[in-house]
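With PDB, C-alpha atoms, pLDDT in the B column inside, this is entry_20.pdb:
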```pdb
ATOM      1  CA  MET P   1      20.065  13.401 -19.174  1.00 43.00           C
ATOM      2  CA  PRO P   2      16.881  15.143 -18.027  1.00 52.00           C
ATOM      3  CA  ASP P   3      15.418  14.185 -14.693  1.00 83.00           C
ATOM      4  CA  VAL P   4      12.057  12.524 -14.460  1.00 93.00           C
ATOM      5  CA  GLN P   5       9.283  14.519 -12.799  1.00 95.00           C
ATOM      6  CA  CYS P   6       6.148  13.080 -11.194  1.00 96.00           C
ATOM      7  CA  ASP P   7       3.168  15.325 -10.538  1.00 95.00           C
ATOM      8  CA  ILE P   8       0.175  13.924  -8.659  1.00 93.00           C
ATOM      9  CA  GLU P   9      -3.313  15.158  -9.482  1.00 95.00           C
ATOM     10  CA  PRO P  10      -6.518  14.014  -7.725  1.00 94.00           C
ATOM     11  CA  VAL P  11      -9.374  13.346 -10.142  1.00 95.00           C
ATOM     12  CA  GLY P  12     -12.538  12.308  -8.343  1.00 91.00           C
ATOM     13  CA  THR P  13     -11.762   9.268  -6.223  1.00 89.00           C
ATOM     14  CA  ARG P  14      -8.632   8.437  -8.213  1.00 93.00           C
ATOM     15  CA  LEU P  15      -5.126   9.840  -8.445  1.00 95.00           C
ATOM     16  CA  VAL P  16      -3.317  10.608 -11.687  1.00 97.00           C
ATOM     17  CA  VAL P  17       0.483  10.503 -11.601  1.00 97.00           C
ATOM     18  CA  HIS P  18       1.910  12.442 -14.554  1.00 98.00           C
ATOM     19  CA  VAL P  19       5.374  11.060 -15.320  1.00 97.00           C
ATOM     20  CA  ARG P  20       7.366  13.548 -17.401  1.00 97.00           C
ATOM     21  CA  GLY P  21      10.894  13.112 -18.680  1.00 96.00           C
ATOM     22  CA  GLU P  22      13.243  10.221 -19.284  1.00 95.00           C
ATOM     23  CA  LEU P  23      12.687   6.930 -17.495  1.00 95.00           C
ATOM     24  CA  SER P  24      15.932   5.080 -16.927  1.00 94.00           C
ATOM     25  CA  VAL P  25      17.401   2.725 -14.368  1.00 94.00           C
ATOM     26  CA  ALA P  26      18.729   5.795 -12.558  1.00 94.00           C
ATOM     27  CA  SER P  27      15.407   7.677 -12.508  1.00 95.00           C
ATOM     28  CA  ALA P  28      13.132   4.667 -11.860  1.00 95.00           C
ATOM     29  CA  PRO P  29      13.443   4.895  -8.024  1.00 94.00           C
ATOM     30  CA  ALA P  30      11.951   8.404  -8.106  1.00 94.00           C
ATOM     31  CA  VAL P  31       8.976   7.105 -10.091  1.00 96.00           C
ATOM     32  CA  ARG P  32       8.542   4.183  -7.712  1.00 93.00           C
ATOM     33  CA  ALA P  33       8.585   6.519  -4.705  1.00 91.00           C
ATOM     34  CA  ALA P  34       5.889   8.736  -6.246  1.00 93.00           C
ATOM     35  CA  LEU P  35       3.670   5.752  -7.030  1.00 94.00           C
ATOM     36  CA  LEU P  36       4.023   4.275  -3.544  1.00 90.00           C
ATOM     37  CA  LYS P  37       3.247   7.616  -1.925  1.00 89.00           C
ATOM     38  CA  SER P  38       0.083   7.760  -4.042  1.00 91.00           C
ATOM     39  CA  LEU P  39      -0.966   4.355  -2.702  1.00 88.00           C
ATOM     40  CA  VAL P  40      -0.815   5.684   0.854  1.00 85.00           C
ATOM     41  CA  GLU P  41      -3.865   7.843   0.054  1.00 82.00           C
ATOM     42  CA  GLN P  42      -5.752   4.622  -0.845  1.00 83.00           C
ATOM     43  CA  PRO P  43      -7.616   5.940  -3.909  1.00 89.00           C
ATOM     44  CA  ASP P  44      -9.919   3.771  -6.011  1.00 87.00           C
ATOM     45  CA  ALA P  45      -7.123   3.571  -8.591  1.00 91.00           C
ATOM     46  CA  VAL P  46      -3.809   5.158  -9.481  1.00 95.00           C
ATOM     47  CA  VAL P  47      -3.601   6.220 -13.123  1.00 97.00           C
ATOM     48  CA  VAL P  48      -0.071   6.668 -14.491  1.00 97.00           C
ATOM     49  CA  ASP P  49       0.046   9.198 -17.337  1.00 98.00           C
ATOM     50  CA  LEU P  50       2.923   8.276 -19.673  1.00 97.00           C
ATOM     51  CA  ALA P  51       2.123  10.702 -22.479  1.00 97.00           C
ATOM     52  CA  ALA P  52       5.230  12.766 -21.729  1.00 96.00           C
ATOM     53  CA  THR P  53       7.484   9.837 -20.784  1.00 96.00           C
ATOM     54  CA  ARG P  54      10.434   8.631 -22.821  1.00 94.00           C
ATOM     55  CA  ILE P  55      11.815   5.181 -22.024  1.00 93.00           C
ATOM     56  CA  ALA P  56      15.591   5.445 -22.178  1.00 92.00           C
ATOM     57  CA  GLU P  57      16.157   1.867 -21.005  1.00 92.00           C
ATOM     58  CA  PRO P  58      13.363  -0.718 -21.473  1.00 92.00           C
ATOM     59  CA  VAL P  59      14.284  -2.561 -18.268  1.00 92.00           C
ATOM     60  CA  ALA P  60      13.379   0.573 -16.307  1.00 93.00           C
ATOM     61  CA  ALA P  61       9.711   0.006 -17.225  1.00 93.00           C
ATOM     62  CA  SER P  62       9.712  -2.882 -14.758  1.00 93.00           C
ATOM     63  CA  VAL P  63       9.191  -0.227 -12.076  1.00 95.00           C
ATOM     64  CA  PHE P  64       5.497  -0.222 -12.999  1.00 95.00           C
ATOM     65  CA  LEU P  65       5.178  -3.978 -12.511  1.00 92.00           C
ATOM     66  CA  ALA P  66       6.869  -3.725  -9.117  1.00 91.00           C
ATOM     67  CA  ALA P  67       4.513  -0.927  -8.076  1.00 92.00           C
ATOM     68  CA  ALA P  68       1.483  -2.845  -9.379  1.00 91.00           C
ATOM     69  CA  ARG P  69       2.455  -5.902  -7.352  1.00 86.00           C
ATOM     70  CA  HIS P  70       2.820  -3.796  -4.229  1.00 84.00           C
ATOM     71  CA  ALA P  71      -0.512  -2.089  -4.910  1.00 85.00           C
ATOM     72  CA  SER P  72      -2.276  -5.438  -5.229  1.00 80.00           C
ATOM     73  CA  LEU P  73      -0.849  -6.607  -1.908  1.00 76.00           C
ATOM     74  CA  TRP P  74      -1.494  -3.354  -0.075  1.00 78.00           C
ATOM     75  CA  PRO P  75      -3.834  -1.519  -0.198  1.00 81.00           C
ATOM     76  CA  GLY P  76      -5.472  -3.520  -3.024  1.00 79.00           C
ATOM     77  CA  THR P  77      -5.517  -0.524  -5.380  1.00 87.00           C
ATOM     78  CA  ALA P  78      -5.513  -0.893  -9.161  1.00 89.00           C
ATOM     79  CA  LEU P  79      -2.557   0.627 -11.017  1.00 94.00           C
ATOM     80  CA  LEU P  80      -3.665   1.700 -14.506  1.00 95.00           C
ATOM     81  CA  LEU P  81      -1.183   2.886 -17.141  1.00 97.00           C
ATOM     82  CA  ALA P  82      -2.126   5.404 -19.822  1.00 97.00           C
ATOM     83  CA  ALA P  83       0.313   5.055 -22.732  1.00 96.00           C
ATOM     84  CA  PRO P  84      -0.837   6.804 -25.934  1.00 96.00           C
ATOM     85  CA  ASP P  85       2.426   5.909 -27.712  1.00 94.00           C
ATOM     86  CA  PRO P  86       1.820   2.496 -29.420  1.00 94.00           C
ATOM     87  CA  PRO P  87       5.419   1.201 -29.089  1.00 92.00           C
ATOM     88  CA  LEU P  88       5.427   2.068 -25.377  1.00 93.00           C
ATOM     89  CA  ALA P  89       2.024   0.444 -24.879  1.00 93.00           C
ATOM     90  CA  GLN P  90       3.298  -2.670 -26.649  1.00 91.00           C
ATOM     91  CA  LEU P  91       6.409  -2.758 -24.462  1.00 91.00           C
ATOM     92  CA  LEU P  92       4.320  -2.541 -21.301  1.00 92.00           C
ATOM     93  CA  THR P  93       1.752  -5.080 -22.467  1.00 88.00           C
ATOM     94  CA  ASN P  94       4.072  -7.670 -23.977  1.00 84.00           C
ATOM     95  CA  GLY P  95       6.983  -7.292 -21.601  1.00 75.00           C
ATOM     96  CA  TYR P  96       4.981  -7.009 -18.394  1.00 68.00           C
ATOM     97  CA  GLY P  97       1.788  -8.952 -18.912  1.00 67.00           C
ATOM     98  CA  ARG P  98       0.154  -8.181 -15.570  1.00 75.00           C
ATOM     99  CA  LEU P  99      -0.032  -4.462 -16.276  1.00 89.00           C
ATOM    100  CA  THR P 100      -3.308  -2.831 -17.313  1.00 91.00           C
ATOM    101  CA  VAL P 101      -2.641  -0.394 -20.157  1.00 95.00           C
ATOM    102  CA  TYR P 102      -5.026   2.142 -21.713  1.00 96.00           C
ATOM    103  CA  ALA P 103      -4.580   4.437 -24.703  1.00 96.00           C
ATOM    104  CA  SER P 104      -5.344   7.608 -22.727  1.00 97.00           C
ATOM    105  CA  VAL P 105      -5.800   8.997 -19.248  1.00 97.00           C
ATOM    106  CA  ARG P 106      -9.495   9.488 -19.943  1.00 96.00           C
ATOM    107  CA  GLU P 107      -9.954   5.803 -20.788  1.00 96.00           C
ATOM    108  CA  ALA P 108      -8.167   4.834 -17.577  1.00 96.00           C
ATOM    109  CA  LEU P 109     -10.269   7.217 -15.512  1.00 95.00           C
ATOM    110  CA  ASP P 110     -13.437   5.857 -17.100  1.00 94.00           C
ATOM    111  CA  ALA P 111     -12.472   2.225 -16.483  1.00 92.00           C
ATOM    112  CA  PRO P 112     -14.961   0.438 -14.216  1.00 88.00           C
ATOM    113  CA  ILE P 113     -14.072   0.420 -10.552  1.00 73.00           C
ATOM    114  CA  ARG P 114     -13.755  -3.114  -9.326  1.00 69.00           C
ATOM    115  CA  GLU P 115     -15.689  -4.219  -6.289  1.00 63.00           C
ATOM    116  CA  GLN P 116     -14.561  -2.166  -3.338  1.00 62.00           C
ATOM    117  CA  ALA P 117     -13.049  -3.863  -0.319  1.00 66.00           C
ATOM    118  CA  THR P 118     -14.920  -3.794   2.983  1.00 86.00           C
ATOM    119  CA  THR P 119     -13.217  -1.524   5.501  1.00 88.00           C
ATOM    120  CA  ILE P 120     -13.464  -0.500   9.139  1.00 92.00           C
ATOM    121  CA  MET P 121     -11.533   2.653  10.013  1.00 90.00           C
ATOM    122  CA  ASP P 122     -11.070   5.054  12.875  1.00 94.00           C
ATOM    123  CA  THR P 123      -8.809   7.886  14.010  1.00 94.00           C
ATOM    124  CA  LEU P 124      -7.054   7.235  17.306  1.00 94.00           C
ATOM    125  CA  LEU P 125      -5.399   9.499  19.819  1.00 94.00           C
ATOM    126  CA  PRO P 126      -1.789   8.644  20.725  1.00 94.00           C
ATOM    127  CA  ALA P 127      -2.898   7.479  24.169  1.00 93.00           C
ATOM    128  CA  SER P 128      -2.647   4.319  26.221  1.00 88.00           C
ATOM    129  CA  GLY P 129      -6.123   3.096  25.221  1.00 93.00           C
ATOM    130  CA  ALA P 130      -5.471   3.294  21.468  1.00 96.00           C
ATOM    131  CA  ALA P 131      -4.171  -0.263  21.111  1.00 95.00           C
ATOM    132  CA  ARG P 132      -7.092  -1.662  23.105  1.00 96.00           C
ATOM    133  CA  HIS P 133      -9.559   0.180  20.880  1.00 96.00           C
ATOM    134  CA  ALA P 134      -7.820  -1.115  17.740  1.00 96.00           C
ATOM    135  CA  ARG P 135      -8.036  -4.683  19.033  1.00 96.00           C
ATOM    136  CA  ALA P 136     -11.759  -4.210  19.712  1.00 96.00           C
ATOM    137  CA  LEU P 137     -12.282  -2.971  16.140  1.00 96.00           C
ATOM    138  CA  VAL P 138     -10.478  -6.008  14.781  1.00 97.00           C
ATOM    139  CA  THR P 139     -12.537  -8.396  16.876  1.00 96.00           C
ATOM    140  CA  GLU P 140     -15.723  -6.677  15.737  1.00 95.00           C
ATOM    141  CA  GLY P 141     -14.673  -6.898  12.098  1.00 95.00           C
ATOM    142  CA  CYS P 142     -13.612 -10.538  12.246  1.00 95.00           C
ATOM    143  CA  LEU P 143     -16.890 -11.566  13.860  1.00 95.00           C
ATOM    144  CA  ARG P 144     -18.923  -9.477  11.405  1.00 93.00           C
ATOM    145  CA  TRP P 145     -17.087 -10.992   8.437  1.00 94.00           C
ATOM    146  CA  GLU P 146     -17.277 -14.532   9.835  1.00 94.00           C
ATOM    147  CA  LEU P 147     -13.525 -14.829  10.377  1.00 95.00           C
ATOM    148  CA  PRO P 148     -13.363 -15.809  14.054  1.00 95.00           C
ATOM    149  CA  HIS P 149     -10.080 -17.691  13.520  1.00 95.00           C
ATOM    150  CA  LEU P 150      -8.379 -14.399  12.618  1.00 96.00           C
ATOM    151  CA  ALA P 151      -9.674 -12.379  15.568  1.00 96.00           C
ATOM    152  CA  GLY P 152      -6.804 -13.432  17.833  1.00 95.00           C
ATOM    153  CA  PRO P 153      -3.781 -13.011  15.542  1.00 95.00           C
ATOM    154  CA  ALA P 154      -5.156  -9.920  13.795  1.00 96.00           C
ATOM    155  CA  SER P 155      -5.860  -8.290  17.161  1.00 96.00           C
ATOM    156  CA  VAL P 156      -2.283  -8.911  18.254  1.00 95.00           C
ATOM    157  CA  VAL P 157      -0.932  -7.436  15.012  1.00 96.00           C
ATOM    158  CA  ALA P 158      -3.204  -4.392  15.282  1.00 96.00           C
ATOM    159  CA  GLY P 159      -2.311  -3.828  18.917  1.00 95.00           C
ATOM    160  CA  GLU P 160       1.423  -3.976  18.255  1.00 94.00           C
ATOM    161  CA  LEU P 161       1.298  -1.640  15.240  1.00 95.00           C
ATOM    162  CA  VAL P 162      -0.806   0.913  17.115  1.00 95.00           C
ATOM    163  CA  THR P 163       1.382   0.660  20.217  1.00 93.00           C
ATOM    164  CA  ASN P 164       4.469   1.350  18.119  1.00 91.00           C
ATOM    165  CA  ALA P 165       2.775   4.405  16.628  1.00 93.00           C
ATOM    166  CA  VAL P 166       1.750   5.672  20.080  1.00 93.00           C
ATOM    167  CA  VAL P 167       5.192   5.195  21.619  1.00 90.00           C
ATOM    168  CA  HIS P 168       7.461   6.205  18.746  1.00 88.00           C
ATOM    169  CA  ALA P 169       5.429   8.555  16.522  1.00 90.00           C
ATOM    170  CA  GLN P 170       3.288  10.233  19.187  1.00 92.00           C
ATOM    171  CA  THR P 171       0.938  11.656  16.561  1.00 94.00           C
ATOM    172  CA  MET P 172      -2.683  11.096  15.596  1.00 95.00           C
ATOM    173  CA  ILE P 173      -3.193   7.609  14.157  1.00 95.00           C
ATOM    174  CA  ASP P 174      -5.388   6.501  11.276  1.00 94.00           C
ATOM    175  CA  PHE P 175      -6.335   2.848  11.763  1.00 95.00           C
ATOM    176  CA  ARG P 176      -7.786   0.786   8.936  1.00 93.00           C
ATOM    177  CA  LEU P 177      -8.912  -2.860   8.785  1.00 94.00           C
ATOM    178  CA  THR P 178      -9.709  -4.070   5.267  1.00 91.00           C
ATOM    179  CA  LEU P 179     -11.233  -7.328   4.066  1.00 91.00           C
ATOM    180  CA  CYS P 180      -9.900  -8.241   0.632  1.00 85.00           C
ATOM    181  CA  ARG P 181     -10.464 -11.296  -1.523  1.00 82.00           C
ATOM    182  CA  ARG P 182      -7.574 -13.284  -0.078  1.00 87.00           C
ATOM    183  CA  TYR P 183      -6.266 -11.270   2.847  1.00 91.00           C
ATOM    184  CA  LEU P 184      -7.239  -9.294   5.906  1.00 94.00           C
ATOM    185  CA  ILE P 185      -5.158  -6.114   5.973  1.00 93.00           C
ATOM    186  CA  VAL P 186      -4.262  -4.122   9.077  1.00 95.00           C
ATOM    187  CA  ALA P 187      -2.842  -0.657   8.352  1.00 93.00           C
ATOM    188  CA  VAL P 188      -1.715   2.102  10.706  1.00 95.00           C
ATOM    189  CA  ARG P 189      -0.847   5.591   9.488  1.00 93.00           C
ATOM    190  CA  ASP P 190       0.982   8.098  11.693  1.00 94.00           C
ATOM    191  CA  GLY P 191       2.679  11.451  11.311  1.00 92.00           C
ATOM    192  CA  SER P 192       6.283  10.321  11.698  1.00 92.00           C
ATOM    193  CA  ASP P 193       8.557   9.540   8.762  1.00 88.00           C
ATOM    194  CA  ALA P 194      10.818   7.329  10.893  1.00 88.00           C
ATOM    195  CA  VAL P 195      10.755   3.826   9.435  1.00 83.00           C
ATOM    196  CA  PRO P 196      10.347   0.994  11.986  1.00 81.00           C
ATOM    197  CA  VAL P 197      13.195  -1.499  11.975  1.00 72.00           C
ATOM    198  CA  GLN P 198      12.780  -4.965  13.399  1.00 66.00           C
ATOM    199  CA  PRO P 199      15.262  -5.550  16.252  1.00 61.00           C
ATOM    200  CA  PRO P 200      17.445  -8.667  16.427  1.00 63.00           C
ATOM    201  CA  PRO P 201      15.838 -11.502  18.440  1.00 60.00           C
ATOM    202  CA  ALA P 202      18.541 -11.283  21.100  1.00 54.00           C
ATOM    203  CA  SER P 203      18.110  -7.554  21.698  1.00 54.00           C
ATOM    204  CA  SER P 204      17.501  -6.605  25.336  1.00 54.00           C
ATOM    205  CA  ASP P 205      16.983  -2.886  24.696  1.00 53.00           C
ATOM    206  CA  PRO P 206      13.472  -1.996  25.971  1.00 48.00           C
ATOM    207  CA  ALA P 207      13.304   0.820  23.390  1.00 46.00           C
ATOM    208  CA  ASP P 208      13.493  -1.679  20.520  1.00 50.00           C
ATOM    209  CA  LEU P 209      10.328  -2.303  18.499  1.00 53.00           C
ATOM    210  CA  ARG P 210       9.979  -5.836  19.828  1.00 62.00           C
ATOM    211  CA  GLY P 211       6.310  -5.914  18.892  1.00 74.00           C
ATOM    212  CA  LEU P 212       7.417  -6.203  15.272  1.00 84.00           C
ATOM    213  CA  LEU P 213       8.741  -9.671  16.081  1.00 85.00           C
ATOM    214  CA  LEU P 214       5.161 -10.683  16.889  1.00 87.00           C
ATOM    215  CA  VAL P 215       3.932  -9.021  13.704  1.00 91.00           C
ATOM    216  CA  GLU P 216       6.593 -10.880  11.721  1.00 89.00           C
ATOM    217  CA  THR P 217       5.472 -14.171  13.262  1.00 89.00           C
ATOM    218  CA  MET P 218       1.717 -13.745  12.812  1.00 91.00           C
ATOM    219  CA  ALA P 219       1.420 -11.839   9.540  1.00 93.00           C
ATOM    220  CA  HIS P 220       1.811 -13.238   6.047  1.00 92.00           C
ATOM    221  CA  ARG P 221       3.664 -10.062   5.109  1.00 91.00           C
ATOM    222  CA  TRP P 222       4.197  -6.644   6.600  1.00 92.00           C
ATOM    223  CA  GLY P 223       5.860  -3.483   5.405  1.00 90.00           C
ATOM    224  CA  THR P 224       5.984   0.281   5.511  1.00 90.00           C
ATOM    225  CA  LEU P 225       5.341   3.012   2.968  1.00 86.00           C
ATOM    226  CA  PRO P 226       6.379   6.661   3.155  1.00 84.00           C
ATOM    227  CA  GLY P 227       3.542   9.127   2.806  1.00 79.00           C
ATOM    228  CA  TYR P 228       3.135  12.860   2.702  1.00 75.00           C
ATOM    229  CA  GLY P 229       3.631  13.927   6.299  1.00 82.00           C
ATOM    230  CA  GLY P 230       4.177  10.464   7.735  1.00 89.00           C
ATOM    231  CA  LYS P 231       4.072   6.778   6.872  1.00 92.00           C
ATOM    232  CA  VAL P 232       1.846   3.699   6.804  1.00 92.00           C
ATOM    233  CA  VAL P 233       2.797   0.395   8.411  1.00 94.00           C
ATOM    234  CA  TRP P 234       0.695  -2.501   7.144  1.00 93.00           C
ATOM    235  CA  ALA P 235       0.363  -6.245   7.622  1.00 94.00           C
ATOM    236  CA  THR P 236      -1.623  -8.925   5.819  1.00 94.00           C
ATOM    237  CA  LEU P 237      -3.125 -12.114   7.215  1.00 95.00           C
ATOM    238  CA  PRO P 238      -4.447 -14.804   4.838  1.00 94.00           C
ATOM    239  CA  LEU P 239      -8.170 -15.527   5.110  1.00 92.00           C
ATOM    240  CA  ARG P 240      -7.408 -19.220   4.715  1.00 81.00           C
ATOM    241  CA  ILE P 241      -4.680 -21.043   6.585  1.00 66.00           C
ATOM    242  CA  ASP P 242      -3.440 -22.774   3.441  1.00 58.00           C
ATOM    243  CA  VAL P 243      -2.727 -19.502   1.531  1.00 46.00           C
TER     244      VAL P 243
END
```
Could you write out this structure as structure tokens?
Amino acid sequence: MPDVQCDIEPVGTRLVVHVRGELSVASAPAVRAALLKSLVEQPDAVVVDLAATRIAEPVAASVFLAAARHASLWPGTALLLAAPDPPLAQLLTNGYGRLTVYASVREALDAPIREQATTIMDTLLPASGAARHARALVTEGCLRWELPHLAGPASVVAGELVTNAVVHAQTMIDFRLTLCRRYLIVAVRDGSDAVPVQPPPASSDPADLRGLLLVETMAHRWGTLPGYGGKVVWATLPLRIDV
């Protein structure tokens, strides 16, 4: 069985992921990894080119729905599928109704860009003042966007994520605060591929990432994504308490 190959091509402000080969349950994780790594770059949209894709097992196509759900949660990027083969397009449309399917890559690239989220970003040095600066950016954003009730919890989340990056990654840090339709998103990108693991509540090891317990408590969801040359750790906070 041939392996699946994913090649990523930047086109303007979007990324095209060319999926070539046979998509099966066994090869689906490789496709998922390529799509999630594309999301780390936070393009306007990720276009998945399926012109050279053969679906060996229909259930494997669910990988696109899983990636689309993740993209909608973080970083709010549209995942657009280009499936020129009518039976494949029908499978994706009828079997996975939330997917957006176009007949060609060109049509997907030409699709209107939805309203862009409002973002505050900065690059931070891995120094002791990085977390304090991140908290100040969050407070500024929450006041500017008339979300004073989120200034406290979002500042705590931002401070803990940046502190973890300073202590454990010790690389330059890209900090991003994004206002989406339903959520406020805090994202921290560093140059380490080590995935943070939440320690058990009873842990007494000072090296444990205990700040993640605070993130777990205050955020609606949080997670990590591998990127090229590092990772992104993100957390979402609902704009409304009842979300």
Between P:Gly95, P:Pro43, P:Pro148, P:Gly230, single out the one closest to Leu79 of chain P, counting all atoms listed in the file.
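Residue with the minimum atom-to-atom distance to Leu79 of chain P: P:Pro43.
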Please identify every residue of segment 3-106 of chain P that has at least one atom no farther than 9 Å from an atom of segment 162-185 of chain P, counting all atoms listed in the file, and for each give the shortest atom pair and the distance in Å to one decimal, arranged by chain then increasing number, as a Markdown table.
```
| residue | atom | partner | partner_atom | distance |
| --- | --- | --- | --- | --- |
| P:Leu73 | CA | P:Tyr183 | CA | 8.6 |
| P:Trp74 | CA | P:Ile185 | CA | 7.6 |
| P:Pro75 | CA | P:Ile185 | CA | 7.8 |
| P:Gly76 | CA | P:Cys180 | CA | 7.4 |
```
Just C-alpha atoms for this one: save the residues we selected as a short mmCIF file (atom, residue, chain, number, x, y, z; two decimals), in the frame of the given file.
```
data_model
loop_
_atom_site.label_atom_id
_atom_site.label_comp_id
_atom_site.auth_asym_id
_atom_site.auth_seq_id
_atom_site.Cartn_x
_atom_site.Cartn_y
_atom_site.Cartn_z
CA LEU P 73 -0.85 -6.61 -1.91
CA TRP P 74 -1.49 -3.35 -0.08
CA PRO P 75 -3.83 -1.52 -0.20
CA GLY P 76 -5.47 -3.52 -3.02
#
```
All residues 10 Å or closer to segment 224-227 of chain P, only C-alpha atoms, same chain fewer than 4 positions away omitted, as a list in words:
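Everything that qualifies: Ala33, Ala34, Leu36, Lys37, Ser38, Leu39, Val40, Glu41, Trp74, Ala187, Val188, Arg189, Asp190, Gly191, Ser192, Asp193, Ala194, Val195, Pro196, Val197, Lys231, Val232, Val233, Trp234 and Ala235 of chain P.
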Residues near Arg132 of chain P, anyone? I mean within 12 Å using only C-alpha atoms, not counting same-chain ones fewer than 6 positions away, as JSON, numbers by chain.
{"P": [124, 125, 126, 138, 139, 155, 156, 157, 158, 159, 160, 161, 162, 163, 166]}
Between P:Ala30, P:Ala52, P:Ala45, P:Cys6, single out the one closest to Asp85 of chain P, counting all atoms listed in the file.
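Closest residue, counting all atoms listed in the file: P:Ala52.
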